[in-house]
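Colleague: For reference, this is final.cif, and it has mmCIF, C-alpha atoms.
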data_target
loop_
_atom_site.group_PDB
_atom_site.id
_atom_site.type_symbol
_atom_site.label_atom_id
_atom_site.label_comp_id
_atom_site.auth_asym_id
_atom_site.auth_seq_id
_atom_site.Cartn_x
_atom_site.Cartn_y
_atom_site.Cartn_z
ATOM 1 C CA GLN Y 90 0.000 0.000 0.000
ATOM 2 C CA VAL Y 91 1.073 3.521 -0.784
ATOM 3 C CA ARG Y 92 -0.342 6.615 0.866
ATOM 4 C CA LEU Y 93 -0.193 9.995 -0.839
ATOM 5 C CA VAL Y 94 -0.568 13.278 1.035
ATOM 6 C CA GLU Y 95 -0.939 16.424 -1.044
ATOM 7 C CA SER Y 96 -0.388 20.021 -0.047
ATOM 8 C CA GLY Y 97 -0.295 23.393 -1.737
ATOM 9 C CA GLY Y 98 -2.844 24.692 -4.155
ATOM 10 C CA GLY Y 99 -5.255 27.491 -3.433
ATOM 11 C CA LEU Y 100 -5.990 30.753 -5.190
ATOM 12 C CA ALA Y 101 -3.668 32.564 -7.582
ATOM 13 C CA GLN Y 102 -4.035 35.459 -9.964
ATOM 14 C CA PRO Y 103 -3.506 35.000 -13.691
ATOM 15 C CA GLY Y 104 0.223 35.068 -14.358
ATOM 16 C CA GLY Y 105 0.963 33.991 -10.820
ATOM 17 C CA SER Y 106 2.559 30.869 -9.386
ATOM 18 C CA LEU Y 107 1.703 28.019 -7.063
ATOM 19 C CA ARG Y 108 3.506 24.882 -5.939
ATOM 20 C CA LEU Y 109 1.934 21.535 -5.211
ATOM 21 C CA SER Y 110 3.596 18.859 -3.099
ATOM 22 C CA CYS Y 111 2.819 15.168 -2.772
ATOM 23 C CA ALA Y 112 4.512 12.976 -0.189
ATOM 24 C CA ALA Y 113 4.398 9.212 -0.666
ATOM 25 C CA SER Y 114 4.723 6.746 2.185
ATOM 26 C CA GLY Y 115 4.327 3.015 2.660
ATOM 27 C CA ASP Y 116 5.594 0.495 0.130
ATOM 28 C CA THR Y 117 7.409 2.966 -2.123
ATOM 29 C CA ALA Y 118 10.159 0.622 -3.278
ATOM 30 C CA SER Y 119 8.100 -0.430 -6.291
ATOM 31 C CA MET Y 120 7.625 3.020 -7.813
ATOM 32 C CA ASP Y 121 7.513 3.314 -11.589
ATOM 33 C CA SER Y 122 6.436 6.935 -11.793
ATOM 34 C CA MET Y 123 4.718 9.765 -9.947
ATOM 35 C CA GLY Y 124 2.762 12.577 -11.432
ATOM 36 C CA TRP Y 125 -0.114 15.003 -11.380
ATOM 37 C CA TYR Y 126 -3.486 14.855 -13.066
ATOM 38 C CA ARG Y 127 -6.275 17.376 -13.039
ATOM 39 C CA GLN Y 128 -10.002 17.053 -13.355
ATOM 40 C CA SER Y 129 -12.878 19.399 -13.962
ATOM 41 C CA SER Y 130 -16.351 18.556 -12.664
ATOM 42 C CA GLY Y 131 -18.009 15.985 -14.891
ATOM 43 C CA LEU Y 132 -14.910 15.344 -16.980
ATOM 44 C CA GLY Y 133 -12.176 12.739 -16.882
ATOM 45 C CA ARG Y 134 -8.760 13.237 -15.365
ATOM 46 C CA GLU Y 135 -6.063 14.482 -17.692
ATOM 47 C CA LEU Y 136 -2.338 14.103 -17.272
ATOM 48 C CA VAL Y 137 -0.546 17.302 -16.321
ATOM 49 C CA ALA Y 138 2.988 16.053 -15.708
ATOM 50 C CA ARG Y 139 4.784 12.839 -14.841
ATOM 51 C CA ILE Y 140 8.260 11.974 -13.648
ATOM 52 C CA LEU Y 141 9.579 8.483 -14.224
ATOM 53 C CA VAL Y 142 11.707 6.501 -11.796
ATOM 54 C CA GLY Y 143 14.754 7.205 -13.951
ATOM 55 C CA GLY Y 144 14.057 10.949 -13.936
ATOM 56 C CA GLY Y 145 12.434 11.366 -17.344
ATOM 57 C CA ARG Y 146 9.607 13.883 -17.478
ATOM 58 C CA ARG Y 147 6.418 14.132 -19.495
ATOM 59 C CA TYR Y 148 4.155 17.185 -19.747
ATOM 60 C CA ALA Y 149 0.795 17.962 -21.252
ATOM 61 C CA ASP Y 150 1.185 20.329 -24.193
ATOM 62 C CA SER Y 151 -0.975 22.873 -22.403
ATOM 63 C CA VAL Y 152 1.519 23.266 -19.539
ATOM 64 C CA LYS Y 153 4.881 22.912 -21.305
ATOM 65 C CA GLY Y 154 7.133 25.829 -20.507
ATOM 66 C CA ARG Y 155 4.987 26.865 -17.552
ATOM 67 C CA PHE Y 156 4.932 23.898 -15.173
ATOM 68 C CA THR Y 157 7.879 21.926 -13.821
ATOM 69 C CA ILE Y 158 7.716 18.573 -12.072
ATOM 70 C CA SER Y 159 10.482 17.451 -9.743
ATOM 71 C CA ARG Y 160 11.090 14.779 -7.139
ATOM 72 C CA ASP Y 161 12.934 14.584 -3.836
ATOM 73 C CA ASP Y 162 13.930 10.940 -3.557
ATOM 74 C CA ALA Y 163 15.133 11.237 0.022
ATOM 75 C CA ASN Y 164 11.667 12.293 1.136
ATOM 76 C CA MET Y 165 9.733 10.512 -1.637
ATOM 77 C CA THR Y 166 8.019 13.755 -2.473
ATOM 78 C CA VAL Y 167 7.043 15.051 -5.890
ATOM 79 C CA TYR Y 168 6.512 18.742 -6.603
ATOM 80 C CA LEU Y 169 4.657 20.602 -9.311
ATOM 81 C CA GLN Y 170 5.828 24.173 -9.735
ATOM 82 C CA MET Y 171 3.164 26.039 -11.672
ATOM 83 C CA SER Y 172 3.998 29.423 -13.193
ATOM 84 C CA LEU Y 173 2.296 31.791 -15.618
ATOM 85 C CA LEU Y 174 -1.003 30.412 -14.410
ATOM 86 C CA LYS Y 175 -4.099 30.852 -16.539
ATOM 87 C CA PRO Y 176 -7.784 30.670 -15.610
ATOM 88 C CA ASP Y 177 -7.936 27.457 -17.678
ATOM 89 C CA ASP Y 178 -5.593 25.872 -15.126
ATOM 90 C CA THR Y 179 -8.388 25.991 -12.562
ATOM 91 C CA ASP Y 180 -9.126 22.405 -11.573
ATOM 92 C CA VAL Y 181 -8.797 19.821 -8.857
ATOM 93 C CA TYR Y 182 -5.274 18.409 -9.036
ATOM 94 C CA TYR Y 183 -4.568 14.805 -8.044
ATOM 95 C CA CYS Y 184 -1.249 13.218 -7.217
ATOM 96 C CA ASN Y 185 -0.692 9.850 -8.872
ATOM 97 C CA TYR Y 186 1.694 7.037 -8.039
ATOM 98 C CA VAL Y 187 2.179 4.059 -10.326
ATOM 99 C CA THR Y 188 3.935 0.864 -9.290
ATOM 100 C CA ILE Y 189 6.146 -1.287 -11.488
ATOM 101 C CA GLY Y 190 3.251 -3.737 -11.607
ATOM 102 C CA GLY Y 191 0.920 -1.066 -12.959
ATOM 103 C CA LYS Y 192 -1.122 -0.367 -9.840
ATOM 104 C CA ASN Y 193 -2.323 3.200 -9.429
ATOM 105 C CA TYR Y 194 -2.662 5.147 -6.214
ATOM 106 C CA TRP Y 195 -4.275 8.573 -5.944
ATOM 107 C CA GLY Y 196 -4.110 11.489 -3.562
ATOM 108 C CA GLN Y 197 -7.220 13.140 -2.179
ATOM 109 C CA GLY Y 198 -7.070 16.062 -4.596
ATOM 110 C CA THR Y 199 -6.290 19.728 -4.061
ATOM 111 C CA GLN Y 200 -8.134 22.675 -5.575
ATOM 112 C CA VAL Y 201 -6.269 25.182 -7.729
ATOM 113 C CA THR Y 202 -8.178 28.310 -8.675
ATOM 114 C CA VAL Y 203 -6.775 30.964 -10.990
ATOM 115 C CA SER Y 204 -8.821 34.127 -10.929
ATOM 116 C CA ALA Y 205 -8.403 37.859 -10.761
#
Any chance you could put this one into structure tokens?

Modeller:
Amino acid sequence: QVRLVESGGGLAQPGGSLRLSCAASGDTASMDSMGWYRQSSGLGRELVARILVGGGRRYADSVKGRFTISRDDANMTVYLQMSLLKPDDTDVYYCNYVTIGGKNYWGQGTQVTVSA
């Protein structure tokens, strides 16, 4: 079992920045990747960014150049630095952990609102 605890999020103005954190605990030796998804009400979750166990990164086209994902292996924490925020970035953001065996774990979700 893996437990994910998210923090950060909140309200930002357009053009502003926020940072999300996600700390993983439990059986973390089998990690394949960690990442962030976001979801609007009534819609499916979409990938925002992912960092692989080897350090490779993947980003949604809509956030490239604005968001940066990073990981602190000592604390098994993944970060999402969000800059140049737009109102379209408003969503609930979920931390995701995938094991080598393909099992998914999810955080509880944190609200990000971008508004003037």

Colleague: Of the residues Y:Ser96, Y:Ser130, Y:Ser119, Y:Ser106, which is the one nearest to Ser172 in chain Y, using only C-alpha atoms?

Modeller: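 Of Y:Ser96, Y:Ser130, Y:Ser119, Y:Ser106, the one nearest Ser172 in chain Y, counting only C-alpha atoms, is Y:Ser106.
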
Colleague: So, counting all atoms listed in the file, which residue among Y:Arg92, Y:Arg155, Y:Arg160, Y:Arg108 is closest to Gly143 in chain Y?

Modeller: Y:Arg160

Colleague: Taking the file as shown, what set of residues would the PyMOL selection byres ((chain Y and resi 164) around 12) give back, as a list in words?

Modeller: Ser110, Cys111, Ala112, Ala113, Ser114, Gly115, Thr117, Arg160, Asp161, Asp162, Ala163, Met165, Thr166, Val167 and Tyr168 of chain Y

Colleague: For the structure shown, which residues end up in the PyMOL selection byres ((chain Y and resi 192-203) around 8)? Put them as number ranges by chain, please?

Modeller: Y: 91-103, 111, 174-191, 204-205

Colleague: Go ahead and compute the interatomic distance for CA of Ser151 in chain Y and CA of Trp125 in chain Y, in Å to one decimal.

Modeller: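 CA of Ser151 in chain Y sits 13.6 Å away from CA of Trp125 in chain Y.
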
Colleague: When you draw a straight line from CA of Gln90 in chain Y to CA of Gln170 in chain Y, how long is it in Å?

Modeller: 26.7 Å

Colleague: Can you work out which one of Y:Ala118, Y:Leu107, Y:Lys153, Y:Gly124 has the shortest atom-to-atom distance to Leu141 in chain Y, counting all atoms listed in the file?

Modeller: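 The answer is Y:Gly124, which sits nearest to Leu141 in chain Y.
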
Colleague: Using only C-alpha atoms, which residue out of Y:Met123, Y:Leu132, Y:Leu173, Y:Leu109 lies closest to Gly145 in chain Y?

Modeller: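 Among the listed residues, Y:Met123 lies closest to Gly145 in chain Y.
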
Colleague: Determine the residue set returned by the PyMOL selection byres ((chain Y and resi 138) around 8) for the present structure, and present it as a VMD selection string.

Modeller: chain Y and resid 124 to 126 136 to 137 139 to 140 146 to 149 157 to 158

Colleague: May I ask for the distance between CA of Gly105 in chain Y and CA of Met171 in chain Y, given in Å to one decimal place?

Modeller: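 Here the two named atoms are 8.3 Å from each other.
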
Colleague: Enclose range 200-205 of chain Y, meaning all of its atoms listed in the file, in a box aligned along x, y and z, pad it by 6 Å on each side, and list the centre and edge lengths in Å to one decimal, as AutoDock Vina command-line options.

Modeller:
--center_x -7.5 --center_y 30.3 --center_z -8.3 --size_x 14.6 --size_y 27.2 --size_z 17.4
